[in-house]
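J.: The structure file work.txt (compact mmCIF, C-alpha atoms and all ligand atoms) is provided below.
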# COMPACT_ATOMS: atom_id res chain seq x y z
CA MET Z 1 61.75 136.24 87.83
CA TYR Z 2 64.55 138.06 89.71
CA GLY Z 3 66.46 134.76 89.75
CA HIS Z 4 63.97 133.10 92.09
CA PRO Z 5 62.00 129.89 91.63
CA GLU Z 6 58.59 130.28 89.99
CA PHE Z 7 56.04 129.71 92.71
CA ASP Z 8 52.40 130.67 92.78
CA LEU Z 9 51.83 133.45 95.31
CA PHE Z 10 48.54 132.05 96.58
CA GLU Z 11 49.93 128.55 96.90
CA ALA Z 12 52.70 129.99 99.07
CA ILE Z 13 50.20 131.94 101.18
CA TYR Z 14 47.89 128.95 101.62
CA THR Z 15 50.60 126.44 102.53
CA THR Z 16 52.98 128.44 104.71
CA ARG Z 17 52.18 127.16 108.15
CA ALA Z 18 54.44 126.86 111.19
CA MET Z 19 56.84 124.12 110.01
CA ARG Z 20 58.43 123.00 113.25
CA ARG Z 21 59.75 119.62 112.15
CA LEU Z 22 62.91 120.40 110.20
CA LYS Z 23 65.76 118.33 108.77
CA PRO Z 24 69.30 119.24 109.85
CA ASP Z 25 70.53 119.43 106.22
CA PRO Z 26 72.33 122.72 105.56
CA VAL Z 27 70.78 125.40 103.37
CA PRO Z 28 73.00 126.98 100.69
CA GLN Z 29 74.15 130.48 101.64
CA GLU Z 30 72.99 131.84 98.28
CA ILE Z 31 69.41 130.72 98.97
CA ILE Z 32 69.53 132.14 102.48
CA MET Z 33 70.52 135.54 101.12
CA LYS Z 34 67.75 135.44 98.48
CA ILE Z 35 65.26 134.85 101.27
CA ILE Z 36 66.67 137.69 103.36
CA GLU Z 37 66.52 139.95 100.32
CA ALA Z 38 62.84 139.06 99.89
CA ALA Z 39 62.32 140.02 103.55
CA THR Z 40 63.90 143.42 102.86
CA MET Z 41 61.33 144.13 100.13
CA ALA Z 42 58.74 144.59 102.91
CA PRO Z 43 57.27 147.97 103.79
CA SER Z 44 58.31 149.76 106.96
CA ASN Z 45 57.43 152.96 108.80
CA SER Z 46 58.75 155.87 106.64
CA ASN Z 47 60.82 153.27 104.80
CA ARG Z 48 63.20 153.22 107.75
CA GLN Z 49 64.03 149.56 107.10
CA PRO Z 50 64.88 149.18 110.77
CA TRP Z 51 65.69 145.48 110.56
CA ILE Z 52 68.70 143.29 111.07
CA PHE Z 53 68.51 139.56 110.38
CA LEU Z 54 71.03 137.79 112.56
CA LEU Z 55 71.88 134.37 111.11
CA VAL Z 56 73.04 131.75 113.57
CA SER Z 57 74.32 128.38 112.39
CA SER Z 58 77.33 127.48 114.54
CA PRO Z 59 76.59 124.34 116.58
CA GLU Z 60 77.70 126.05 119.82
CA ASN Z 61 75.43 129.04 119.35
CA ARG Z 62 72.49 126.87 118.25
CA GLN Z 63 72.91 124.72 121.34
CA PHE Z 64 73.06 127.79 123.59
CA ILE Z 65 69.83 129.08 122.08
CA ALA Z 66 68.13 125.67 122.05
CA GLU Z 67 68.78 125.12 125.77
CA ARG Z 68 67.17 128.43 126.62
CA TYR Z 69 64.25 127.98 124.24
CA LYS Z 70 63.49 124.61 125.81
CA GLU Z 71 63.73 126.00 129.31
CA ALA Z 72 61.38 128.86 128.39
CA TRP Z 73 58.91 126.37 126.91
CA GLU Z 74 58.92 124.20 130.03
CA LYS Z 75 58.96 127.01 132.60
CA TYR Z 76 56.68 129.60 131.05
CA TYR Z 77 54.57 128.12 128.28
CA PHE Z 78 53.81 124.43 128.75
CA THR Z 79 51.71 124.89 131.87
CA ALA Z 80 49.93 122.17 133.84
CA GLU Z 81 46.70 123.39 132.26
CA LYS Z 82 48.09 122.85 128.75
CA LYS Z 83 49.39 119.38 129.70
CA LEU Z 84 45.96 118.44 130.99
CA PHE Z 85 44.31 119.75 127.84
CA LEU Z 86 46.65 117.63 125.73
CA GLU Z 87 45.80 114.51 127.75
CA ASN Z 88 42.06 115.11 127.65
CA HIS Z 89 41.66 116.37 124.07
CA PRO Z 90 44.41 114.66 122.07
CA ALA Z 91 42.49 114.65 118.78
CA THR Z 92 41.82 118.41 118.58
CA PRO Z 93 43.64 120.84 116.25
CA GLU Z 94 44.91 122.67 119.34
CA ALA Z 95 46.51 119.46 120.62
CA LYS Z 96 48.09 118.88 117.21
CA ASN Z 97 49.53 122.38 117.36
CA LEU Z 98 50.83 121.78 120.89
CA ARG Z 99 52.52 118.52 119.90
CA SER Z 100 54.24 120.29 117.04
CA ALA Z 101 55.36 123.06 119.42
CA ILE Z 102 56.65 120.43 121.90
CA TYR Z 103 58.67 118.91 119.07
CA LEU Z 104 60.20 122.30 118.30
CA ALA Z 105 61.01 122.92 121.97
CA ASN Z 106 63.00 119.66 121.98
CA HIS Z 107 64.62 119.99 118.55
CA ILE Z 108 65.03 123.68 117.69
CA GLY Z 109 68.83 123.36 117.85
CA GLU Z 110 68.71 120.81 115.01
CA ALA Z 111 67.47 123.38 112.51
CA PRO Z 112 70.49 124.27 110.36
CA LEU Z 113 69.76 127.97 110.67
CA LEU Z 114 68.25 130.13 113.40
CA ILE Z 115 67.34 133.62 112.25
CA PHE Z 116 66.77 136.40 114.74
CA ALA Z 117 64.66 139.20 113.27
CA CYS Z 118 65.82 142.26 115.19
CA VAL Z 119 64.22 145.70 114.94
CA LYS Z 120 65.43 149.13 115.93
CA ARG Z 121 63.90 150.96 118.86
CA TYR Z 122 62.49 154.49 118.51
CA SER Z 123 64.74 157.24 119.79
CA ASP Z 124 62.29 160.18 119.76
CA PRO Z 125 61.21 161.25 123.28
CA THR Z 126 57.52 160.25 123.05
CA ARG Z 127 58.25 156.58 122.47
CA ALA Z 128 61.95 156.16 123.19
CA GLY Z 129 62.95 152.57 123.66
CA GLN Z 130 59.84 151.05 122.08
CA PRO Z 131 60.67 148.66 119.27
CA MET Z 132 59.30 149.50 115.81
CA VAL Z 133 57.40 146.23 115.87
CA GLY Z 134 54.97 147.12 113.10
CA SER Z 135 57.96 147.45 110.80
CA ILE Z 136 59.36 143.95 111.34
CA TYR Z 137 56.35 141.65 110.90
CA PRO Z 138 55.75 142.32 107.17
CA ALA Z 139 59.42 141.47 106.58
CA ILE Z 140 59.12 138.33 108.67
CA GLN Z 141 56.14 137.10 106.67
CA ASN Z 142 57.94 137.89 103.41
CA LEU Z 143 60.83 135.82 104.68
CA CYS Z 144 58.55 132.87 105.49
CA LEU Z 145 56.83 133.03 102.09
CA ALA Z 146 60.11 133.29 100.20
CA ALA Z 147 61.46 130.33 102.17
CA ARG Z 148 58.33 128.39 101.18
CA ALA Z 149 59.04 129.13 97.52
CA TYR Z 150 62.46 127.48 97.96
CA GLY Z 151 60.85 124.48 99.69
CA LEU Z 152 62.12 125.60 103.10
CA GLY Z 153 60.10 125.49 106.31
CA THR Z 154 59.99 128.24 108.93
CA ALA Z 155 58.21 128.98 112.18
CA ILE Z 156 57.74 132.36 113.80
CA THR Z 157 58.68 132.02 117.48
CA SER Z 158 59.09 134.31 120.45
CA LEU Z 159 59.94 132.16 123.49
CA HIS Z 160 63.60 133.24 123.31
CA LYS Z 161 62.45 136.54 124.80
CA HIS Z 162 62.43 134.97 128.26
CA PHE Z 163 66.21 134.72 127.96
CA VAL Z 164 66.77 137.60 125.58
CA ASN Z 165 69.40 139.38 127.66
CA GLU Z 166 71.65 136.31 127.79
CA ILE Z 167 71.11 135.62 124.10
CA ASN Z 168 71.74 139.22 123.08
CA GLN Z 169 74.89 139.34 125.16
CA ARG Z 170 76.24 136.20 123.54
CA LEU Z 171 75.40 137.36 120.01
CA GLY Z 172 76.33 141.00 120.57
CA VAL Z 173 72.87 142.47 119.87
CA PRO Z 174 73.07 146.15 120.97
CA PRO Z 175 70.42 147.72 123.23
CA GLU Z 176 69.12 149.97 120.41
CA TYR Z 177 67.65 146.84 118.82
CA ALA Z 178 64.87 144.54 120.03
CA ASN Z 179 65.42 140.87 119.33
CA GLU Z 180 61.83 140.35 118.29
CA ILE Z 181 61.42 136.97 116.63
CA LEU Z 182 63.38 133.74 116.27
CA ILE Z 183 62.81 131.79 113.06
CA PRO Z 184 64.21 128.29 112.73
CA LEU Z 185 64.67 127.54 109.03
CA GLY Z 186 65.35 124.27 107.24
CA TYR Z 187 64.05 121.64 104.84
CA PRO Z 188 60.81 120.20 106.21
CA ARG Z 189 60.27 116.78 107.72
CA GLY Z 190 56.59 117.61 107.95
CA ARG Z 191 54.19 118.05 105.07
CA TRP Z 192 52.99 121.34 103.64
CA GLY Z 193 49.30 121.91 104.08
CA ARG Z 194 46.61 124.46 104.40
CA PRO Z 195 46.63 125.86 107.93
CA ALA Z 196 43.50 125.67 110.08
CA ARG Z 197 41.91 129.11 109.99
CA LYS Z 198 38.47 130.61 110.62
CA PRO Z 199 36.42 131.33 107.51
CA ALA Z 200 37.06 134.84 106.18
CA THR Z 201 33.38 135.71 106.59
CA ASP Z 202 33.70 135.10 110.36
CA VAL Z 203 36.30 137.82 110.66
CA THR Z 204 34.86 140.44 108.31
CA PHE Z 205 32.33 143.16 108.99
CA VAL Z 206 30.84 145.35 106.25
CA GLU Z 207 30.13 149.06 106.71
CA ARG Z 208 29.45 148.63 110.40
CA TRP Z 209 30.99 146.66 113.23
CA GLY Z 210 29.05 143.44 113.67
CA ALA Z 211 27.50 143.35 110.17
CA ARG Z 212 28.55 140.14 108.48
CA PRO Z 213 29.18 140.01 104.73
CA HIS Z 214 26.64 138.14 102.68
CA PRO Z 215 28.23 134.70 102.15
CA ARG Z 216 27.86 134.93 98.35
CA SER Z 217 28.26 138.69 97.84
CA HIS Z 218 31.73 138.28 96.32
CA ASP Z 219 30.93 135.46 93.92
CA GLY Z 220 31.63 136.32 90.28
C1 LIG Z 301 54.18 136.65 117.23
C2 LIG Z 301 54.20 135.14 117.17
C3 LIG Z 301 54.91 134.44 118.14
C4 LIG Z 301 54.95 133.04 118.10
N1 LIG Z 301 55.69 132.36 119.04
C5 LIG Z 301 55.81 131.00 118.93
C6 LIG Z 301 56.68 130.28 119.81
O1 LIG Z 301 57.36 130.84 120.66
N2 LIG Z 301 56.77 128.93 119.65
C7 LIG Z 301 56.07 128.26 118.69
O2 LIG Z 301 56.19 127.02 118.60
N3 LIG Z 301 55.25 128.91 117.84
C8 LIG Z 301 55.11 130.27 117.94
N4 LIG Z 301 54.32 130.95 117.04
C9 LIG Z 301 53.64 130.20 115.96
C10 LIG Z 301 52.14 130.09 116.18
O3 LIG Z 301 51.89 129.22 117.23
C11 LIG Z 301 51.53 129.60 114.87
O4 LIG Z 301 51.74 130.58 113.90
C12 LIG Z 301 50.04 129.36 115.00
O5 LIG Z 301 49.79 128.37 115.94
C13 LIG Z 301 49.46 128.93 113.66
O6 LIG Z 301 50.13 127.78 113.24
P1 LIG Z 301 49.94 127.19 111.77
O7 LIG Z 301 50.35 128.28 110.83
O8 LIG Z 301 50.84 125.98 111.71
O9 LIG Z 301 48.49 126.86 111.64
C14 LIG Z 301 54.25 132.34 117.07
C15 LIG Z 301 53.57 133.07 116.09
C16 LIG Z 301 53.55 134.45 116.11
C17 LIG Z 301 52.82 135.20 115.01
As a first step, turn the structure in this file into structure tokens.
T.:
Amino acid sequence: MYGHPEFDLFEAIYTTRAMRRLKPDPVPQEIIMKIIEAATMAPSNSNRQPWIFLLVSSPENRQFIAERYKEAWEKYYFTAEKKLFLENHPATPEAKNLRSAIYLANHIGEAPLLIFACVKRYSDPTRAGQPMVGSIYPAIQNLCLAARAYGLGTAITSLHKHFVNEINQRLGVPPEYANEILIPLGYPRGRWGRPARKPATDVTFVERWGARPHPRSHDG
């Protein structure tokens, strides 16, 4: 439908995890634009559609971004505490996640496409300057799901924010926009799989805060 591949919605939802191991193979421009179009089908505050998707594929720009992403990872995220955790608990899901994030920190520039999801800032006096963040995340998730339908991996990342001024200056992002999320996109080296998540019943209350749903109340 709509010229897109047939792909089961729930399969996409259940297998779209952070795909940080990506092949450098280029992605056809036509597919990229289909994915961006899917992102633009998302809802936004008063249908303002305050997004710009900035596509970066030149080797020089990718290298510039990759150097800063790696520095941010090493300086601000991969703390001594996290290193120790990795050494002491290597078999845990958290350690698996960390190893995948380390891989990305060292290889993000190899992804054929880096997408910056930028969102407009409010201009009205009560919240001037604040980014319309609630209006970019639905579009970002649409983008990731649409990429999945084309067999493309994505990861939602934010470490570029530590160097956002330098990055924005290089790419010409104006101050009226917040450079919210960086999404590396490419064909996966890793395997698709169901992400590790808490059971839905652990994160649901019924009628009153704290009241758990009956485990079988929704069975048919
Ligand atoms: C707002 C946001 C910011 C994130 N920033 C980063 C990041 O900077 N680097 C990174 O490797 N992953 C980042 N992630 C990805 C999360 O770590 C990932 O979604 C989470 O660990 C679940 O991973 P999974 O879907 O593979 O299970 C971010 C995710 C979100 C939603």
J.: Around stretch 4-14 of chain Z, fit a box with edges along x, y and z, padding it by 5 Å on each side, then list its centre and edge lengths in Å to one decimal as AutoDock Vina command-line options.
T.:
--center_x 55.9 --center_y 131.0 --center_z 95.8 --size_x 26.1 --size_y 14.9 --size_z 21.6
J.: Could you list the protein, DNA and RNA residues that have any atom within 6 Å of ligand LIG 301 (chain Z), counting all atoms listed in the file, and write them as a PyMOL selection string?
T.: chain Z and resi 17-18+101+156-159+195-196
J.: Selection from above, C-alpha atoms, as a PDB file, in the coordinates of the input, can you write it?
T.:
ATOM      1  CA  ARG Z  17      52.180 127.160 108.150  1.00  0.00           C
ATOM      2  CA  ALA Z  18      54.440 126.860 111.190  1.00  0.00           C
ATOM      3  CA  ALA Z 101      55.360 123.060 119.420  1.00  0.00           C
ATOM      4  CA  ILE Z 156      57.740 132.360 113.800  1.00  0.00           C
ATOM      5  CA  THR Z 157      58.680 132.020 117.480  1.00  0.00           C
ATOM      6  CA  SER Z 158      59.090 134.310 120.450  1.00  0.00           C
ATOM      7  CA  LEU Z 159      59.940 132.160 123.490  1.00  0.00           C
ATOM      8  CA  PRO Z 195      46.630 125.860 107.930  1.00  0.00           C
ATOM      9  CA  ALA Z 196      43.500 125.670 110.080  1.00  0.00           C
TER      10      ALA Z 196
END
J.: What is the atom CA of Z:Ala147-atom CA of Z:Val27 distance in Å, reported with one decimal?
T.: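 So the two atoms, atom CA of Z:Ala147 and atom CA of Z:Val27, lie 10.6 Å apart.
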J.: Given all atoms listed in the file as the basis, pick out the residue of Z:Lys161, Z:Lys96, Z:Arg212, Z:Arg121 nearest to Z:Arg68.
T.: Z:Lys161
J.: Could you tell me how far atom CA of Z:Gly172 lies from atom CA of Z:Tyr187, in Å and to one decimal?
T.: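 Interatomic distance, atom CA of Z:Gly172 to atom CA of Z:Tyr187: 27.8 Å.
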J.: Closest to Z:Tyr103 among Z:Pro138, Z:Pro175, Z:Pro28, Z:Gly190, using all atoms listed in the file?
T.: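 Counting all atoms listed in the file, the residue closest to Z:Tyr103 is Z:Gly190.
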J.: Write out as a list in words which residues come within 8 Å of Z:Gly193 when counting all atoms listed in the file, dropping same-chain ones fewer than 3 positions away.
T.: Tyr14, Thr15, Thr16 and Arg17 of chain Z
J.: At what distance in Å, to one decimal, does atom CA of Z:Pro184 lie from atom CA of Z:Leu145?
T.: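 Between atom CA of Z:Leu145 and atom CA of Z:Pro184 the gap is 13.8 Å.
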J.: Z:Met132, Z:Ile32, Z:Val203, Z:Ala38: which is nearest Z:Tyr2, counting only C-alpha atoms?
T.: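 Checking each of Z:Met132, Z:Ile32, Z:Val203, Z:Ala38 against Z:Tyr2, counting only C-alpha atoms, the winner is Z:Ala38.
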J.: Given all atoms listed in the file as the basis, pick out the residue of Z:Lys120, Z:Lys75, Z:His160, Z:His4 nearest to Z:Arg148.
T.: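 The answer is Z:His4, which sits nearest to Z:Arg148.
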J.: Since the input is missing atoms, can you rebuild N, CA and C atoms for stretch 119-139 of chain Z and write them as a compact mmCIF listing (two decimals), in the coordinates of the input?
T.:
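Printed below is part_33.txt as written:
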# COMPACT_ATOMS: atom_id res chain seq x y z
N VAL Z 119 64.77 144.43 115.44
CA VAL Z 119 64.22 145.70 114.94
C VAL Z 119 64.66 146.84 115.84
N LYS Z 120 64.95 147.95 115.21
CA LYS Z 120 65.43 149.13 115.93
C LYS Z 120 64.37 149.68 116.88
N ARG Z 121 64.82 150.29 117.93
CA ARG Z 121 63.90 150.96 118.86
C ARG Z 121 63.80 152.44 118.47
N TYR Z 122 62.65 153.05 118.76
CA TYR Z 122 62.49 154.49 118.51
C TYR Z 122 63.45 155.26 119.42
N SER Z 123 63.89 156.41 118.94
CA SER Z 123 64.74 157.24 119.79
C SER Z 123 64.07 158.56 120.14
N ASP Z 124 62.93 158.90 119.45
CA ASP Z 124 62.29 160.18 119.76
C ASP Z 124 61.61 160.09 121.14
N PRO Z 125 61.57 161.26 121.85
CA PRO Z 125 61.21 161.25 123.28
C PRO Z 125 59.85 160.60 123.59
N THR Z 126 58.85 160.75 122.70
CA THR Z 126 57.52 160.25 123.05
C THR Z 126 57.45 158.72 123.15
N ARG Z 127 58.31 158.04 122.44
CA ARG Z 127 58.25 156.58 122.47
C ARG Z 127 59.63 155.93 122.52
N ALA Z 128 60.56 156.65 123.12
CA ALA Z 128 61.95 156.16 123.19
C ALA Z 128 62.00 154.77 123.78
N GLY Z 129 62.74 153.93 123.14
CA GLY Z 129 62.95 152.57 123.66
C GLY Z 129 61.97 151.55 123.12
N GLN Z 130 60.81 152.02 122.62
CA GLN Z 130 59.84 151.05 122.08
C GLN Z 130 60.34 150.50 120.74
N PRO Z 131 60.24 149.19 120.57
CA PRO Z 131 60.67 148.66 119.27
C PRO Z 131 59.68 149.03 118.17
N MET Z 132 60.18 149.19 116.95
CA MET Z 132 59.30 149.50 115.81
C MET Z 132 58.67 148.20 115.31
N VAL Z 133 57.87 147.59 116.17
CA VAL Z 133 57.40 146.23 115.87
C VAL Z 133 56.59 146.13 114.58
N GLY Z 134 55.80 147.17 114.31
CA GLY Z 134 54.97 147.12 113.10
C GLY Z 134 55.82 147.05 111.84
N SER Z 135 57.08 147.42 111.97
CA SER Z 135 57.96 147.45 110.80
C SER Z 135 58.81 146.19 110.68
N ILE Z 136 58.58 145.18 111.51
CA ILE Z 136 59.36 143.95 111.34
C ILE Z 136 58.47 142.80 110.87
N TYR Z 137 57.18 142.82 111.24
CA TYR Z 137 56.35 141.65 110.90
C TYR Z 137 56.09 141.49 109.39
N PRO Z 138 55.89 142.55 108.62
CA PRO Z 138 55.75 142.32 107.17
C PRO Z 138 57.00 141.66 106.60
N ALA Z 139 58.17 142.07 107.07
CA ALA Z 139 59.42 141.47 106.58
C ALA Z 139 59.52 140.00 106.99
